[in-house]
Amino acid sequence: MKRISAKWLLIPFAALLAGALIHFSSFMENRPAVVDPESLSSLLNGAVSFEHQVKPVLERRCVVCHGCYDAPCQLKLSSGEGIRRGASEELVYNPRRLTPMQPTRLFVDAKSTEGWRARGFHPVLNERQPTPKNNLENSVMYHLLRLKQRHPQPRGGRLPDSFTLELNREQSCPKIEAIDDFEQEHPLWGMPYAMPNLSEQEYRTLVSWIAQGAPVPPPPAPSAAVQPQIEQWESFLNRPSRKQRLVSRYLYEHLFHAHIHFAGSPPREFYRLVRSSTPPGEAVDEIPTVRPYDDPGGSPFYYRLRRYHPSIVAKNHIVYEFSGQRMERYRQLFLEPDYEVRELPTYRREIASNPFKTFAAIPPMSRYRFLLDDAYFFIQGFVKGPVCRGQIALDVIEDQFWVLFFDPNQPVITNDARFIGQMADELQVPADGGSNLDLLRIWTEYWRGQRRYMANKQAWFKTIGTHDLKHAVNYIWDGDGGRNPNAALTVFRHFDSGSVAYGLVGDYPETAWVIDYPLFERIHYLLVAGFNVYGNVGHQISTRIYMDFLRMEGEDYFLAFLPAKWRKTIRDSWYVGQRASIEKLFAAPREWLSTESVTGYRTNDPQRELYRHIEQRLAGAMELARARNLCGRDRCEEAAVQIEAQRAMEKIARLRGEQLHAFPDVAFVRVRMEDAEQDFAFTLIRNKAYKNVTSFLADERERDRADIERDSMTVVNWLEGSYPNFFFSVALSEIEEFTRRCAAIRDRNDYREFIDRYGVRRTDPEFWELADWFQQEYARNKPVQSGLFDLNRYRNR
């Protein structure tokens with residue numbers, strides 16, 4: 001259910017007291033009937049198929065808002081288990097939480113509906129005597145669907161202000177006892193909330209299913225193509241040698257959040273790598289630790305592959321492939337190298353949260369190569385993993401920047417195993433200790449360690465001499481001669497969500513990062529392995545502040561490729577305002593700024609010049625990257641009309657500053673052909689400039705004209721982002737006019753006229769048709785990597 005105002009709770013005290021004295025059963029017996037016998041009879045005329053009738057409606061109309069940690073009222077409608085679990089008033093995303101909340105991970109933290117009731121979740125389906133009438137009368141889900149049908153929302157224009165649509169809007173999670181009061185207080189707040197009504201057929205399908213007891217078939221078993229691979233992988237991961245056990249632990253701590261897809265299996269069949277108290281061959285009994293490096297307990301445990309059967313949503317769908325080639329790669333990286341594991345590391349928090357200590361026996365280059373092989377997957381984890389949404393992890397980064405990597409074959413000090421071993425204490429990232437007092441350690445222990453680490457790197461940096469620019473860019477990994485599209489990535493921040501694309505996408509960004517092995521590993525352990533979405537405010541702020549350190553480290557590596565005389569000027573131009581105060585608190589060694597390391601620049605715009613050399617260095621990998629973005633494969637063809645439309649859309653990509661102020665962060669555009677099967681899509685991505693990116697919980701209202709003048713637009717001919725903010729639809733014959741009108745927008749009135757002609761508002765009768773088309777287009781182009789787009793953040797324009 002949608003997050004909605006809690007005004008209905010303000011019932012006079014006397015009424016509350018009276019209501020508290022009425023037994024629930026007598027309340028239900030005396031309340032007005034909501035289903036007449038004739039209607040009920042027609043609803044029960046034949047069973048509905050969950051797989052073929054109910055599930056498609058649930059996915060396209062319900063799961064699009066109820067599918068992750070940020071599902072309103074924690075009501076996850078993406079599986080039968082989630083529907084039966086029901087709803088909770090407790091917020092998962094709560095930046096003011098003083099003490100950690102008890103985890104509420106579906107399938108993990110309680111194993112039955114009764115277990116969830118003990119955890120405070122209340123039902124949305126009938127849990128009394130299972131008759132068709134009771135199944136409807138006692139179902140919150142039915143009442144909210146019926147409320148929408150009885151009170152349709154407007155069929156044009158903006159929704160009235162009585163609808164609360166802010167991301168952090170106050171949520172209300174009505175129980176069946178209070179549903180009548182809720183309906184009287186908010187007659188327009190039925191489901192789907194603030195979206196067009198269901199069609200009559202969709203409505204009857206869901207209501208018939210609820211009346212029949214909301215049956216859901218049991219989860220599917222592994223397919224014939226996957227079962228032998230599961231057996232092979234579980235055998236591999238659970239081999240008893242100390243070397244294998246350490247390697248399996250490393251793999252688990254980096255893949256626990258993955259949706260694992262087996263080569264040659266059906267495109268929508270995924271698995272999770274878990275720790276289980278039961279061995280292969282028995283039913284999986286997942287050990288419910290909060291973090292992957294938490295102590296699994298004293299009893300033996302096993303690495304198992306557990307099928308993930310809920311509907312797939314894009315915002316947390318991070319795919320990793322298992323195959324025979326993958327297993328052989330693991331052998332090459334981790335098992336064939338000659339090293340000894342004398343004893344297995346402890347699970348004590350101070351050791352387990354530091355991968356440089358826990359996995360010291362594994363050669364660092366093996367670990368770095370493992371991360372580079374699938375850098376896209378791991379960088380996706382930083383913005384789509386346990387965080388799933390939120391400024392805690394994302395307000396530290398720019399709206400668009402490029403990510404590059406140091407070549408593992410180059411003599412960089414951070415590629416050296418001895419150096420990494422010496423610096424292990426200094427490389428510790430904040431671990432969630434459950435106390436807000438841990439925040440004090442950021443200004444003491446962690447920052448002192450970071451300073452010592454930077455000072456040691458700086459001492460080495462002063463010894464490397466100078467390199468010609470053409471030679472210096474060889475220190476940037478080129479994807480092993482252009483064979484790996486992970487060599488460069490583009491990160492987009494869409495205010496409070498993010499996405500990652502292969503390659504160097506868009507115009508030259510304001511900033512770029514160059515990542516080495518220690519930086520890569522620390523970001524993973526800060527934002528993925530060590531991030532507790534249920535943690536308190538101290539954990540969230542410490543994560544946020546330490547990520548500032550890591551962002552600046554990646555940016556400084558990039559600056560080191562520029563002439564010394566330009567570094568400080570360029571660095572200072574990236575951030576003004578609050579960055580100055582941040583640097584006073586965290587004064588870092590800065591001698592490297594004046595240490596010349598690269599020569600051969602020929603222009604007065606060295607950053608642009610460096611970008612051109614990087615593009616040349618990575619040209620081979622970028623061809624593969626573009627294909628991955630378009631269709632999820634290494635090769636795909638574009639039609640001539642798509643290339644023609646791309647040229648027209650480049651006019652929009654050239655827009656800057658106030659021309660963009662009316663545009664949302666992410667907009668999808670459908671380009672219509674005479675043959676609808678040939679339609680294709682673009683994404684308009686607004687890149688907002690924030691001079692105060694280092695401020696905690698900054699929002700767009702804090703931006704001033706100096707920020708807005710530096711805004712830019714990226715246009716890509718694929719669907720980018722998990723949370724579309726608006727849809728446009730334009731015929732190919734009008735594409736030139738569309739781009740001309742878009743470029744002519746100067747104020748919100750111009751933008752409204754533009755929307756009237758090409759936009760699709762929340763109230764538009766064609767909204768669901770267009771939303772379905774984008775979902776289908778994504779699934780068609782990327783059958784394995786795609787997931788349902790989330791519509792929670794669709795704008796009310």
# chains A, B, ... in the order shown; residues from 1 in each chain; ligands from 1
>>> closest_atom_pairs(of="region 536-637 of chain A", to="region 709-720 of chain A", cutoff="9 Å", atoms="only C-alpha atoms", output="Markdown table")
| residue | atom | partner | partner_atom | distance |
| --- | --- | --- | --- | --- |
| A:Asn629 | CA | A:Trp718 | CA | 6.9 |
| A:Leu630 | CA | A:Trp718 | CA | 5.6 |
| A:Cys631 | CA | A:Trp718 | CA | 8.3 |
>>> write_last_selection(atoms="N, CA, C and O atoms", output="PDB file, in the first residue's frame")
ATOM      1  N   ASN A 629      25.164  -1.945 -23.392  1.00  0.00           N
ATOM      2  CA  ASN A 629      24.126  -0.998 -22.985  1.00  0.00           C
ATOM      3  C   ASN A 629      22.862  -1.146 -23.826  1.00  0.00           C
ATOM      4  O   ASN A 629      21.746  -1.031 -23.312  1.00  0.00           O
ATOM      5  N   LEU A 630      23.038  -1.388 -25.115  1.00  0.00           N
ATOM      6  CA  LEU A 630      21.889  -1.444 -26.022  1.00  0.00           C
ATOM      7  C   LEU A 630      21.070  -2.714 -25.849  1.00  0.00           C
ATOM      8  O   LEU A 630      19.838  -2.665 -25.820  1.00  0.00           O
ATOM      9  N   CYS A 631      21.747  -3.856 -25.754  1.00  0.00           N
ATOM     10  CA  CYS A 631      21.001  -5.115 -25.780  1.00  0.00           C
ATOM     11  C   CYS A 631      21.501  -6.154 -24.789  1.00  0.00           C
ATOM     12  O   CYS A 631      21.020  -7.288 -24.803  1.00  0.00           O
TER      13      CYS A 631
END
>>> select_by_dssp(residues="region 118-255 of chain A", states="alpha helix (DSSP H)", output="number ranges by chain")
A: 118, 132-137, 140-150, 179-185, 200-211, 227-237, 242-255
>>> closest_residue(among="A:Asp295, A:Arg602, A:Thr346, A:Gly506", to="Leu684 (chain A)", atoms="only C-alpha atoms")
A:Gly506
>>> residues_around(residues="Pro765 (chain A)", least_positions_apart="4", cutoff="8 Å", atoms="only C-alpha atoms", output="number ranges by chain")
A: 155-156, 196
>>> write_last_selection(atoms="N, CA, C and O atoms", output="PDB file, in the first residue's frame")
ATOM      1  N   ARG A 155      -9.087  12.008 -14.807  1.00  0.00           N
ATOM      2  CA  ARG A 155      -8.596  11.425 -16.061  1.00  0.00           C
ATOM      3  C   ARG A 155      -7.891  12.462 -16.927  1.00  0.00           C
ATOM      4  O   ARG A 155      -7.880  12.383 -18.142  1.00  0.00           O
ATOM      5  N   GLY A 156      -7.274  13.427 -16.285  1.00  0.00           N
ATOM      6  CA  GLY A 156      -6.525  14.444 -17.012  1.00  0.00           C
ATOM      7  C   GLY A 156      -5.967  15.485 -16.063  1.00  0.00           C
ATOM      8  O   GLY A 156      -6.460  15.649 -14.938  1.00  0.00           O
ATOM      9  N   PRO A 196      -3.695   5.676 -12.596  1.00  0.00           N
ATOM     10  CA  PRO A 196      -4.993   5.382 -13.208  1.00  0.00           C
ATOM     11  C   PRO A 196      -5.596   4.090 -12.679  1.00  0.00           C
ATOM     12  O   PRO A 196      -4.891   3.199 -12.216  1.00  0.00           O
TER      13      PRO A 196
END
>>> closest_residue(among="A:Arg146, A:His122, A:Arg242, A:His524", to="His257 (chain A)", atoms="only C-alpha atoms")
A:His524
>>> select_by_dssp(residues="region 78-285 of chain A", states="strand (DSSP E or B)", output="compact mmCIF listing (two decimals) with all heavy atoms, in the first residue's frame")
# COMPACT_ATOMS: atom_id res chain seq x y z
N ALA A 87 1.81 -6.19 6.09
CA ALA A 87 2.35 -4.84 6.17
C ALA A 87 2.83 -4.52 7.58
O ALA A 87 2.43 -5.15 8.56
CB ALA A 87 1.28 -3.83 5.74
N HIS A 122 0.99 -7.01 10.08
CA HIS A 122 -0.43 -7.32 10.11
C HIS A 122 -0.90 -7.74 8.72
O HIS A 122 -0.33 -7.34 7.70
CB HIS A 122 -1.25 -6.13 10.63
CG HIS A 122 -1.15 -4.90 9.79
ND1 HIS A 122 -0.29 -3.86 10.07
CD2 HIS A 122 -1.83 -4.52 8.68
CE1 HIS A 122 -0.44 -2.90 9.18
NE2 HIS A 122 -1.36 -3.28 8.32
N HIS A 259 21.98 -11.75 -7.95
CA HIS A 259 21.01 -12.66 -8.55
C HIS A 259 21.81 -13.50 -9.55
O HIS A 259 22.14 -13.04 -10.64
CB HIS A 259 19.89 -11.89 -9.23
CG HIS A 259 18.95 -11.24 -8.28
ND1 HIS A 259 18.00 -10.31 -8.67
CD2 HIS A 259 18.79 -11.38 -6.95
CE1 HIS A 259 17.32 -9.91 -7.61
NE2 HIS A 259 17.78 -10.54 -6.56
N ILE A 260 22.12 -14.71 -9.14
CA ILE A 260 23.01 -15.57 -9.93
C ILE A 260 22.22 -16.26 -11.02
O ILE A 260 21.16 -16.87 -10.76
CB ILE A 260 23.72 -16.58 -9.03
CG1 ILE A 260 24.70 -15.84 -8.09
CG2 ILE A 260 24.46 -17.63 -9.85
CD1 ILE A 260 25.30 -16.71 -7.02
N HIS A 261 22.73 -16.15 -12.23
CA HIS A 261 22.10 -16.79 -13.39
C HIS A 261 23.08 -17.80 -13.96
O HIS A 261 24.26 -17.49 -14.17
CB HIS A 261 21.76 -15.75 -14.45
CG HIS A 261 21.04 -16.30 -15.64
ND1 HIS A 261 21.66 -16.58 -16.83
CD2 HIS A 261 19.72 -16.64 -15.81
CE1 HIS A 261 20.78 -17.05 -17.69
NE2 HIS A 261 19.61 -17.10 -17.10
N PHE A 262 22.61 -19.02 -14.20
CA PHE A 262 23.46 -20.07 -14.73
C PHE A 262 23.46 -20.05 -16.24
O PHE A 262 22.41 -19.88 -16.87
CB PHE A 262 23.00 -21.44 -14.23
CG PHE A 262 23.29 -21.69 -12.77
CD1 PHE A 262 22.34 -21.39 -11.81
CD2 PHE A 262 24.51 -22.20 -12.37
CE1 PHE A 262 22.59 -21.60 -10.47
CE2 PHE A 262 24.78 -22.42 -11.02
CZ PHE A 262 23.82 -22.11 -10.07
N PHE A 270 16.81 -17.34 -11.34
CA PHE A 270 17.93 -16.77 -10.59
C PHE A 270 18.07 -17.44 -9.23
O PHE A 270 17.12 -18.01 -8.69
CB PHE A 270 17.71 -15.26 -10.40
CG PHE A 270 17.61 -14.50 -11.68
CD1 PHE A 270 16.37 -14.13 -12.20
CD2 PHE A 270 18.75 -14.15 -12.40
CE1 PHE A 270 16.27 -13.43 -13.39
CE2 PHE A 270 18.66 -13.46 -13.59
CZ PHE A 270 17.42 -13.10 -14.09
N TYR A 271 19.27 -17.30 -8.68
CA TYR A 271 19.60 -17.92 -7.41
C TYR A 271 20.40 -16.95 -6.54
O TYR A 271 20.99 -15.99 -7.04
CB TYR A 271 20.41 -19.21 -7.63
CG TYR A 271 19.59 -20.29 -8.28
CD1 TYR A 271 19.36 -20.29 -9.66
CD2 TYR A 271 19.00 -21.30 -7.53
CE1 TYR A 271 18.56 -21.24 -10.27
CE2 TYR A 271 18.20 -22.27 -8.13
CZ TYR A 271 17.99 -22.23 -9.49
OH TYR A 271 17.19 -23.18 -10.08
N ARG A 272 20.39 -17.22 -5.24
CA ARG A 272 21.21 -16.48 -4.30
C ARG A 272 22.21 -17.44 -3.67
O ARG A 272 21.89 -18.59 -3.36
CB ARG A 272 20.35 -15.85 -3.19
CG ARG A 272 19.43 -14.75 -3.66
CD ARG A 272 18.53 -14.27 -2.52
NE ARG A 272 19.31 -13.94 -1.34
CZ ARG A 272 19.18 -14.55 -0.15
NH1 ARG A 272 18.29 -15.52 0.01
NH2 ARG A 272 19.92 -14.18 0.87
N LEU A 273 23.43 -16.95 -3.45
CA LEU A 273 24.45 -17.71 -2.74
C LEU A 273 24.28 -17.41 -1.25
O LEU A 273 24.37 -16.25 -0.84
CB LEU A 273 25.84 -17.32 -3.22
CG LEU A 273 27.03 -18.04 -2.56
CD1 LEU A 273 26.95 -19.55 -2.81
CD2 LEU A 273 28.35 -17.48 -3.10
N VAL A 274 24.01 -18.44 -0.46
CA VAL A 274 23.71 -18.25 0.97
C VAL A 274 24.56 -19.20 1.81
O VAL A 274 25.14 -20.16 1.30
CB VAL A 274 22.21 -18.47 1.28
CG1 VAL A 274 21.34 -17.57 0.42
CG2 VAL A 274 21.83 -19.95 1.08
N ARG A 275 24.61 -18.92 3.11
CA ARG A 275 25.18 -19.85 4.07
C ARG A 275 24.02 -20.59 4.74
O ARG A 275 23.08 -19.97 5.25
CB ARG A 275 26.01 -19.13 5.12
CG ARG A 275 27.24 -18.45 4.55
CD ARG A 275 28.13 -17.84 5.63
NE ARG A 275 27.46 -16.77 6.37
CZ ARG A 275 28.08 -15.96 7.22
NH1 ARG A 275 29.40 -16.11 7.45
NH2 ARG A 275 27.43 -15.01 7.85
N SER A 276 24.09 -21.91 4.74
CA SER A 276 23.00 -22.73 5.24
C SER A 276 23.51 -23.67 6.33
O SER A 276 24.66 -24.13 6.29
CB SER A 276 22.37 -23.55 4.11
OG SER A 276 21.42 -24.47 4.60
>>> closest_residue(among="A:Val319, A:Leu732, A:Phe520, A:Tyr302", to="Phe370 (chain A)", atoms="only C-alpha atoms")
A:Phe520
>>> atom_distance(atom1="CA of Arg608 (chain A)", atom2="CA of Ile570 (chain A)")
11.5 Å
>>> residues_around(residues="Gln229 (chain A)", least_positions_apart="3", cutoff="12 Å", atoms="only C-alpha atoms", output="ChimeraX atom specification")
/A:222-226,232-236,260-265,271,304-305,321-324,326-327
